[in-house]
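Quick notes on the structure that follows.
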Amino acid sequence: MPSRLHRFQGQGHNHFITFSCYHRLPFLAEDRTCATFESLLERYRRRHQFYLFGYVLMPTHVHLLLSEPKDQPLATTLSALKGETSKLLKGERKHFWQTRYYDFNVLTHSKFTEKLAYIHSNPVKDGLVAQPEDWLWSSARHWLTGAEGRVEIESEWTWARRERCASPPMPTIEPSSWMGHPSMLGRLKE
């Protein structure tokens with residue numbers, strides 16, 4: 001990593017993350033590949049104890065809006081996620097992912113809503129679907145309807161479901177550290 005690149009992690013911030021397929025090739029263009037990635041994302045969400053607020057899988061890249069993991073650096077979580085998905089998905093290719101990733105610290109409510117809207121509008125901007133909720137590989141449908149998918153999305157819907165079941169969210173993370181938590185912000189609307 002170049003010395004001029006500084007990441008600000010380990011401070012309890014939420015993060016907007018982007019990483020790309022090797023040479024921005026469309027390695028995530030098949031449903032099977034996206035389903036595998038989603039399953040692994042959910043496994044790492046549980047194992048590393050982070051909140052996933054939003055995501056989209058595009059044919060050439062991934063966007064995530066998430067909290068920092070409870071017990072390890074975000075960089076470790078992303079490395080493990082990318083490493084395991086690469087092993088399962090690269091096939092005969094030499095590489096599946098570009099080695100680096102983009103990390104933007106989300107410090108305000110307005111940046112949170114901006115990044116979530118950007119994530120959900122990505123498939124529309126690329127001409128893949130007419131409406132964000134039509135893209136299968138995104139959290140947009142969950143935010144609109146509360147529908148559950150392969151990956152648990154931390155939202156007002158999820159919070160209400162937990163309250164009805166008397167099931168707290170990962171009790172090892174203090175609620176006061178959820179800067180910008182959607183249940184505190186109200187449902188985001190575009």
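Residue numbering restarts at 1 for every chain of the structure tokens, chains are lettered A, B, ... in their displayed order, and ligands are numbered from 1 as they appear.
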Contacts of Thr85 in chain A at 12 Å (only C-alpha atoms; same-chain gap of 4+ positions) as a short mmCIF file (atom, residue, chain, number, x, y, z; two decimals) with N, CA and C atoms, in the first residue's frame:
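As written to disk, out-v3.cif reads:
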data_model
loop_
_atom_site.label_atom_id
_atom_site.label_comp_id
_atom_site.auth_asym_id
_atom_site.auth_seq_id
_atom_site.Cartn_x
_atom_site.Cartn_y
_atom_site.Cartn_z
N CYS A 21 -13.70 -6.04 -9.74
CA CYS A 21 -13.18 -7.26 -10.33
C CYS A 21 -11.88 -6.93 -11.06
N PHE A 27 -16.92 -10.16 -14.00
CA PHE A 27 -16.91 -11.47 -13.35
C PHE A 27 -18.15 -11.71 -12.49
N LEU A 28 -18.90 -10.65 -12.17
CA LEU A 28 -20.11 -10.80 -11.36
C LEU A 28 -21.37 -10.69 -12.23
N THR A 33 -22.67 -16.63 -9.55
CA THR A 33 -21.55 -15.92 -8.94
C THR A 33 -22.05 -14.92 -7.89
N CYS A 34 -23.09 -14.17 -8.22
CA CYS A 34 -23.65 -13.20 -7.28
C CYS A 34 -24.25 -13.89 -6.06
N ALA A 35 -24.94 -15.00 -6.27
CA ALA A 35 -25.53 -15.74 -5.14
C ALA A 35 -24.44 -16.26 -4.21
N THR A 36 -23.36 -16.74 -4.77
CA THR A 36 -22.24 -17.21 -3.95
C THR A 36 -21.65 -16.06 -3.16
N PHE A 37 -21.45 -14.90 -3.82
CA PHE A 37 -20.91 -13.74 -3.11
C PHE A 37 -21.83 -13.33 -1.97
N GLU A 38 -23.13 -13.26 -2.23
CA GLU A 38 -24.08 -12.88 -1.17
C GLU A 38 -24.02 -13.83 0.02
N SER A 39 -23.95 -15.12 -0.25
CA SER A 39 -23.87 -16.10 0.84
C SER A 39 -22.63 -15.90 1.68
N LEU A 40 -21.51 -15.63 1.03
CA LEU A 40 -20.27 -15.39 1.78
C LEU A 40 -20.32 -14.05 2.52
N LEU A 41 -20.92 -13.05 1.92
CA LEU A 41 -21.06 -11.76 2.59
C LEU A 41 -21.86 -11.94 3.88
N ARG A 43 -22.18 -14.71 5.62
CA ARG A 43 -21.36 -15.49 6.55
C ARG A 43 -20.36 -14.58 7.28
N TYR A 44 -19.70 -13.69 6.53
CA TYR A 44 -18.74 -12.79 7.15
C TYR A 44 -19.42 -11.72 8.00
N LEU A 78 -12.39 -7.36 5.04
CA LEU A 78 -12.47 -7.24 3.59
C LEU A 78 -11.49 -8.18 2.90
N SER A 79 -10.30 -8.30 3.46
CA SER A 79 -9.30 -9.22 2.89
C SER A 79 -9.80 -10.66 2.93
N ALA A 80 -10.39 -11.05 4.06
CA ALA A 80 -10.91 -12.42 4.19
C ALA A 80 -12.08 -12.65 3.23
N LEU A 81 -12.99 -11.69 3.14
CA LEU A 81 -14.14 -11.81 2.23
C LEU A 81 -13.68 -11.92 0.79
N LEU A 89 -14.68 -18.42 -6.74
CA LEU A 89 -15.25 -17.90 -7.98
C LEU A 89 -14.28 -17.73 -9.14
N LYS A 90 -12.99 -17.73 -8.88
CA LYS A 90 -12.07 -17.37 -9.96
C LYS A 90 -11.91 -18.44 -11.04
N GLY A 91 -12.20 -19.68 -10.71
CA GLY A 91 -12.08 -20.74 -11.72
C GLY A 91 -10.66 -20.80 -12.26
N HIS A 95 -6.68 -14.11 -11.30
CA HIS A 95 -7.19 -13.22 -10.26
C HIS A 95 -8.69 -13.03 -10.45
N PHE A 96 -9.37 -12.74 -9.35
CA PHE A 96 -10.79 -12.38 -9.43
C PHE A 96 -10.98 -10.91 -9.10
N TRP A 97 -10.31 -10.42 -8.05
CA TRP A 97 -10.46 -9.04 -7.59
C TRP A 97 -9.20 -8.22 -7.84
#
At a cut-off of 10 Å, using only C-alpha atoms, what residues contact range 117-124 of chain A? Leave out same-chain residues fewer than 4 positions from it and give the result as a tab-separated table (two decimals) with all heavy atoms, in the first residue's frame.
chain	number	residue	atom	x	y	z
A	16	PHE	N	-18.24	3.44	3.44
A	16	PHE	CA	-18.68	3.16	2.08
A	16	PHE	C	-17.47	2.54	1.39
A	16	PHE	O	-16.42	3.17	1.27
A	16	PHE	CB	-19.10	4.46	1.39
A	16	PHE	CG	-19.38	4.30	-0.08
A	16	PHE	CD1	-20.50	3.63	-0.52
A	16	PHE	CD2	-18.51	4.83	-1.02
A	16	PHE	CE1	-20.76	3.50	-1.87
A	16	PHE	CE2	-18.76	4.71	-2.37
A	16	PHE	CZ	-19.89	4.04	-2.81
A	18	THR	N	-15.83	0.27	-1.92
A	18	THR	CA	-15.94	-0.18	-3.30
A	18	THR	C	-14.73	-1.04	-3.62
A	18	THR	O	-13.61	-0.65	-3.31
A	18	THR	CB	-15.97	1.01	-4.28
A	18	THR	OG1	-17.08	1.86	-3.96
A	18	THR	CG2	-16.11	0.53	-5.73
A	54	GLY	N	-26.28	-1.41	3.39
A	54	GLY	CA	-26.65	-1.45	1.98
A	54	GLY	C	-25.53	-2.06	1.16
A	54	GLY	O	-24.37	-2.05	1.57
A	55	TYR	N	-25.92	-2.59	0.00
A	55	TYR	CA	-24.92	-3.15	-0.91
A	55	TYR	C	-25.51	-3.23	-2.31
A	55	TYR	O	-26.73	-3.20	-2.50
A	55	TYR	CB	-24.46	-4.54	-0.46
A	55	TYR	CG	-25.46	-5.64	-0.75
A	55	TYR	CD1	-25.34	-6.43	-1.89
A	55	TYR	CD2	-26.53	-5.87	0.10
A	55	TYR	CE1	-26.27	-7.43	-2.16
A	55	TYR	CE2	-27.46	-6.86	-0.17
A	55	TYR	CZ	-27.32	-7.64	-1.29
A	55	TYR	OH	-28.23	-8.61	-1.58
A	56	VAL	N	-24.63	-3.33	-3.27
A	56	VAL	CA	-25.02	-3.67	-4.64
A	56	VAL	C	-23.87	-4.44	-5.27
A	56	VAL	O	-22.70	-4.13	-5.06
A	56	VAL	CB	-25.38	-2.42	-5.49
A	56	VAL	CG1	-24.18	-1.53	-5.75
A	56	VAL	CG2	-26.03	-2.83	-6.81
A	57	LEU	N	-24.22	-5.49	-5.99
A	57	LEU	CA	-23.26	-6.24	-6.79
A	57	LEU	C	-23.50	-5.86	-8.23
A	57	LEU	O	-24.55	-6.16	-8.80
A	57	LEU	CB	-23.46	-7.75	-6.62
A	57	LEU	CG	-23.49	-8.29	-5.19
A	57	LEU	CD1	-23.65	-9.80	-5.21
A	57	LEU	CD2	-22.26	-7.88	-4.42
A	58	MET	N	-22.53	-5.19	-8.81
A	58	MET	CA	-22.58	-4.82	-10.22
A	58	MET	C	-21.73	-5.84	-10.98
A	58	MET	O	-20.91	-6.54	-10.39
A	58	MET	CB	-22.05	-3.40	-10.40
A	58	MET	CG	-22.86	-2.35	-9.66
A	58	MET	SD	-24.53	-2.19	-10.31
A	58	MET	CE	-24.19	-1.42	-11.88
A	59	PRO	N	-21.89	-5.95	-12.30
A	59	PRO	CA	-21.09	-6.94	-13.04
A	59	PRO	C	-19.58	-6.79	-12.84
A	59	PRO	O	-18.85	-7.78	-12.83
A	59	PRO	CB	-21.49	-6.70	-14.49
A	59	PRO	CG	-22.90	-6.19	-14.38
A	59	PRO	CD	-22.90	-5.32	-13.15
A	62	VAL	N	-18.32	-4.00	-6.62
A	62	VAL	CA	-19.20	-4.14	-5.46
A	62	VAL	C	-19.15	-2.84	-4.66
A	62	VAL	O	-18.08	-2.26	-4.49
A	62	VAL	CB	-18.73	-5.31	-4.57
A	62	VAL	CG1	-19.51	-5.37	-3.27
A	62	VAL	CG2	-18.79	-6.63	-5.31
A	63	HIS	N	-20.31	-2.41	-4.16
A	63	HIS	CA	-20.39	-1.30	-3.21
A	63	HIS	C	-21.01	-1.84	-1.92
A	63	HIS	O	-22.02	-2.55	-1.97
A	63	HIS	CB	-21.27	-0.17	-3.71
A	63	HIS	CG	-20.76	0.56	-4.90
A	63	HIS	ND1	-19.58	1.27	-4.90
A	63	HIS	CD2	-21.29	0.71	-6.14
A	63	HIS	CE1	-19.40	1.82	-6.09
A	63	HIS	NE2	-20.43	1.49	-6.86
A	64	LEU	N	-20.44	-1.47	-0.78
A	64	LEU	CA	-20.96	-1.85	0.52
A	64	LEU	C	-21.06	-0.60	1.40
A	64	LEU	O	-20.16	0.25	1.36
A	64	LEU	CB	-20.03	-2.84	1.23
A	64	LEU	CG	-19.65	-4.12	0.49
A	64	LEU	CD1	-18.58	-4.87	1.27
A	64	LEU	CD2	-20.87	-5.00	0.28
A	65	LEU	N	-22.09	-0.52	2.21
A	65	LEU	CA	-22.20	0.50	3.25
A	65	LEU	C	-22.34	-0.28	4.55
A	65	LEU	O	-23.34	-0.97	4.75
A	65	LEU	CB	-23.41	1.41	3.01
A	65	LEU	CG	-23.63	2.55	4.00
A	65	LEU	CD1	-22.42	3.49	4.09
A	65	LEU	CD2	-24.89	3.34	3.63
A	111	LYS	N	-24.33	12.16	4.44
A	111	LYS	CA	-23.44	11.28	3.66
A	111	LYS	C	-23.96	9.85	3.65
A	111	LYS	O	-23.86	9.15	2.65
A	111	LYS	CB	-22.01	11.33	4.20
A	111	LYS	CG	-21.23	12.52	3.74
A	111	LYS	CD	-21.03	12.50	2.24
A	111	LYS	CE	-20.35	13.75	1.77
A	111	LYS	NZ	-20.37	13.90	0.31
A	112	PHE	N	-24.53	9.42	4.77
A	112	PHE	CA	-25.11	8.08	4.84
A	112	PHE	C	-26.20	7.92	3.79
A	112	PHE	O	-26.21	6.97	3.01
A	112	PHE	CB	-25.65	7.82	6.25
A	112	PHE	CG	-26.19	6.44	6.46
A	112	PHE	CD1	-25.39	5.45	6.99
A	112	PHE	CD2	-27.51	6.12	6.14
A	112	PHE	CE1	-25.88	4.16	7.19
A	112	PHE	CE2	-28.01	4.85	6.33
A	112	PHE	CZ	-27.19	3.87	6.86
A	113	THR	N	-27.15	8.87	3.76
A	113	THR	CA	-28.25	8.78	2.80
A	113	THR	C	-27.74	8.95	1.37
A	113	THR	O	-28.24	8.27	0.46
A	113	THR	CB	-29.35	9.81	3.10
A	113	THR	OG1	-28.79	11.12	3.12
A	113	THR	CG2	-30.02	9.53	4.43
A	128	LEU	N	-29.14	-1.27	-16.35
A	128	LEU	CA	-29.42	-2.69	-16.13
A	128	LEU	C	-30.87	-2.95	-15.75
A	128	LEU	O	-31.40	-4.04	-16.02
A	128	LEU	CB	-28.49	-3.24	-15.05
A	128	LEU	CG	-26.99	-3.14	-15.38
A	128	LEU	CD1	-26.15	-3.50	-14.16
A	128	LEU	CD2	-26.66	-4.05	-16.56
A	129	VAL	N	-31.52	-1.97	-15.11
A	129	VAL	CA	-32.92	-2.06	-14.69
A	129	VAL	C	-33.55	-0.68	-14.75
A	129	VAL	O	-32.84	0.33	-14.80
A	129	VAL	CB	-33.08	-2.65	-13.27
A	129	VAL	CG1	-32.70	-4.11	-13.20
A	129	VAL	CG2	-32.27	-1.84	-12.26
A	130	ALA	N	-34.87	-0.63	-14.70
A	130	ALA	CA	-35.58	0.65	-14.72
A	130	ALA	C	-35.71	1.26	-13.32
A	130	ALA	O	-35.68	2.47	-13.15
A	130	ALA	CB	-36.97	0.48	-15.33
A	131	GLN	N	-35.86	0.39	-12.30
A	131	GLN	CA	-36.03	0.84	-10.91
A	131	GLN	C	-35.00	0.13	-10.03
A	131	GLN	O	-34.72	-1.06	-10.26
A	131	GLN	CB	-37.43	0.50	-10.40
A	131	GLN	CG	-38.55	1.17	-11.16
A	131	GLN	CD	-38.52	2.67	-10.98
A	131	GLN	OE1	-38.27	3.18	-9.90
A	131	GLN	NE2	-38.77	3.39	-12.06
A	132	PRO	N	-34.47	0.78	-9.00
A	132	PRO	CA	-33.47	0.14	-8.14
A	132	PRO	C	-33.92	-1.19	-7.55
A	132	PRO	O	-33.14	-2.15	-7.49
A	132	PRO	CB	-33.24	1.17	-7.03
A	132	PRO	CG	-33.58	2.48	-7.64
A	132	PRO	CD	-34.71	2.18	-8.60
A	133	GLU	N	-35.19	-1.28	-7.14
A	133	GLU	CA	-35.68	-2.51	-6.51
A	133	GLU	C	-35.79	-3.69	-7.50
A	133	GLU	O	-35.98	-4.83	-7.08
A	133	GLU	CB	-37.02	-2.27	-5.81
A	133	GLU	CG	-38.15	-1.85	-6.72
A	133	GLU	CD	-38.26	-0.34	-6.95
A	133	GLU	OE1	-37.29	0.40	-6.68
A	133	GLU	OE2	-39.32	0.09	-7.42
A	134	ASP	N	-35.66	-3.42	-8.80
A	134	ASP	CA	-35.70	-4.49	-9.79
A	134	ASP	C	-34.39	-5.26	-9.89
A	134	ASP	O	-34.36	-6.35	-10.44
A	134	ASP	CB	-36.05	-3.93	-11.18
A	134	ASP	CG	-37.45	-3.34	-11.23
A	134	ASP	OD1	-38.29	-3.72	-10.39
A	134	ASP	OD2	-37.68	-2.48	-12.11
A	135	TRP	N	-33.31	-4.68	-9.36
A	135	TRP	CA	-32.00	-5.35	-9.43
A	135	TRP	C	-31.93	-6.38	-8.30
A	135	TRP	O	-32.08	-6.05	-7.13
A	135	TRP	CB	-30.87	-4.32	-9.30
A	135	TRP	CG	-29.51	-4.89	-9.53
A	135	TRP	CD1	-28.50	-4.99	-8.61
A	135	TRP	CD2	-28.98	-5.44	-10.74
A	135	TRP	NE1	-27.39	-5.55	-9.17
A	135	TRP	CE2	-27.65	-5.85	-10.49
A	135	TRP	CE3	-29.50	-5.63	-12.02
A	135	TRP	CZ2	-26.84	-6.43	-11.46
A	135	TRP	CZ3	-28.69	-6.20	-12.99
A	135	TRP	CH2	-27.38	-6.58	-12.71
A	136	LEU	N	-31.73	-7.64	-8.65
A	136	LEU	CA	-31.73	-8.73	-7.67
A	136	LEU	C	-30.59	-8.65	-6.67
A	136	LEU	O	-30.69	-9.14	-5.55
A	136	LEU	CB	-31.68	-10.09	-8.38
A	136	LEU	CG	-32.88	-10.47	-9.24
A	136	LEU	CD1	-32.61	-11.79	-9.93
A	136	LEU	CD2	-34.14	-10.54	-8.39
A	137	TRP	N	-29.48	-8.08	-7.07
A	137	TRP	CA	-28.24	-8.16	-6.30
A	137	TRP	C	-27.97	-6.86	-5.56
A	137	TRP	O	-26.91	-6.26	-5.68
A	137	TRP	CB	-27.10	-8.56	-7.23
A	137	TRP	CG	-27.49	-9.73	-8.06
A	137	TRP	CD1	-27.73	-9.74	-9.40
A	137	TRP	CD2	-27.78	-11.05	-7.60
A	137	TRP	NE1	-28.13	-10.99	-9.79
A	137	TRP	CE2	-28.16	-11.82	-8.71
A	137	TRP	CE3	-27.75	-11.66	-6.34
A	137	TRP	CZ2	-28.51	-13.16	-8.61
A	137	TRP	CZ3	-28.09	-13.00	-6.25
A	137	TRP	CH2	-28.46	-13.73	-7.37
A	138	SER	N	-28.94	-6.45	-4.76
A	138	SER	CA	-28.88	-5.15	-4.09
A	138	SER	C	-29.78	-5.18	-2.86
A	138	SER	O	-30.68	-6.01	-2.75
A	138	SER	CB	-29.37	-4.08	-5.07
A	138	SER	OG	-29.73	-2.90	-4.43
A	139	SER	N	-29.56	-4.24	-1.97
A	139	SER	CA	-30.41	-4.09	-0.78
A	139	SER	C	-31.59	-3.16	-1.04
A	139	SER	O	-32.39	-2.91	-0.12
A	139	SER	CB	-29.57	-3.57	0.39
A	139	SER	OG	-28.93	-2.36	0.04
A	140	ALA	N	-31.75	-2.65	-2.25
A	140	ALA	CA	-32.80	-1.68	-2.55
A	140	ALA	C	-34.20	-2.23	-2.25
A	140	ALA	O	-35.03	-1.53	-1.67
A	140	ALA	CB	-32.72	-1.22	-4.01
A	141	ARG	N	-34.48	-3.45	-2.63
A	141	ARG	CA	-35.81	-4.04	-2.39
A	141	ARG	C	-36.09	-4.11	-0.89
A	141	ARG	O	-37.20	-3.86	-0.44
A	141	ARG	CB	-35.91	-5.42	-3.04
A	141	ARG	CG	-37.31	-6.02	-2.93
A	141	ARG	CD	-37.46	-7.37	-3.64
A	141	ARG	NE	-37.23	-7.23	-5.06
A	141	ARG	CZ	-36.16	-7.73	-5.70
A	141	ARG	NH1	-35.26	-8.42	-5.05
A	141	ARG	NH2	-36.01	-7.57	-6.99
A	143	TRP	N	-34.93	-2.11	1.45
A	143	TRP	CA	-35.22	-0.76	1.95
A	143	TRP	C	-36.62	-0.30	1.55
A	143	TRP	O	-37.26	0.44	2.30
A	143	TRP	CB	-34.16	0.24	1.47
A	143	TRP	CG	-32.96	0.20	2.35
A	143	TRP	CD1	-31.79	-0.48	2.13
A	143	TRP	CD2	-32.80	0.84	3.62
A	143	TRP	NE1	-30.92	-0.29	3.17
A	143	TRP	CE2	-31.52	0.52	4.10
A	143	TRP	CE3	-33.61	1.66	4.38
A	143	TRP	CZ2	-31.03	1.00	5.31
A	143	TRP	CZ3	-33.13	2.14	5.59
A	143	TRP	CH2	-31.85	1.80	6.04
A	188	LEU	N	-35.26	5.70	4.88
A	188	LEU	CA	-34.71	6.59	3.85
A	188	LEU	C	-35.57	6.50	2.61
A	188	LEU	O	-35.91	5.43	2.15
A	188	LEU	CB	-33.28	6.16	3.52
A	188	LEU	CG	-32.33	6.17	4.71
A	188	LEU	CD1	-30.99	5.59	4.29
A	188	LEU	CD2	-32.16	7.56	5.24
A	189	LYS	N	-35.95	7.63	2.06
A	189	LYS	CA	-36.78	7.65	0.86
A	189	LYS	C	-36.11	8.49	-0.19
A	189	LYS	O	-35.47	9.48	0.10
A	189	LYS	CB	-38.16	8.23	1.16
A	189	LYS	CG	-38.94	7.36	2.12
A	189	LYS	CD	-40.28	7.93	2.40
A	189	LYS	CE	-41.02	7.05	3.40
A	189	LYS	NZ	-42.27	7.61	3.79
A	190	GLU	N	-36.27	8.10	-1.41
A	190	GLU	CA	-35.73	8.86	-2.55
A	190	GLU	C	-36.86	9.57	-3.24
A	190	GLU	O	-37.93	9.11	-3.36
A	190	GLU	CB	-35.04	7.94	-3.54
A	190	GLU	CG	-33.56	7.97	-3.57
A	190	GLU	CD	-32.91	9.34	-3.47
A	190	GLU	OE1	-33.47	10.25	-2.89
A	190	GLU	OE2	-31.84	9.53	-3.93
Find the residue from A:Lys82, A:His48, A:His15, A:Arg161 that sits nearest to Val106 in chain A; use only C-alpha atoms when measuring.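 Going through A:Lys82, A:His48, A:His15, A:Arg161 one by one, the smallest distance to Val106 in chain A is for A:His15.
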Could you pull out the strand (DSSP E or B) residues of range 52-160 of chain A, going by DSSP on the backbone, and write them as a ChimeraX atom specification? /A:52-57,61-66,97,102-106,138
Determine which residues of range 4-189 of chain A receive a DSSP assignment of alpha helix (DSSP H), computed from the backbone, and state them as a ChimeraX atom specification. /A:31-48,74-89,109-125,140-145,156-165,182-185
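Of the listed residues (A:Thr99, A:Gly83, A:Glu163, A:Phe53), A:Phe53 comes nearest to His142 in chain A; the distances count only C-alpha atoms.
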Long-range neighbours of Thr60 in chain A as a count of residues only, 9 Å cut-off, only C-alpha atoms, 4 positions minimum in chain: 11
How far is it from CA of Ile153 in chain A to CA of Tyr51 in chain A, in Å with one decimal?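 CA of Ile153 in chain A sits 7.3 Å away from CA of Tyr51 in chain A.
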Two-atom distance - CA of Ile17 in chain A, CA of Glu42 in chain A (Å):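 Distance between the two atoms: 16.0 Å.
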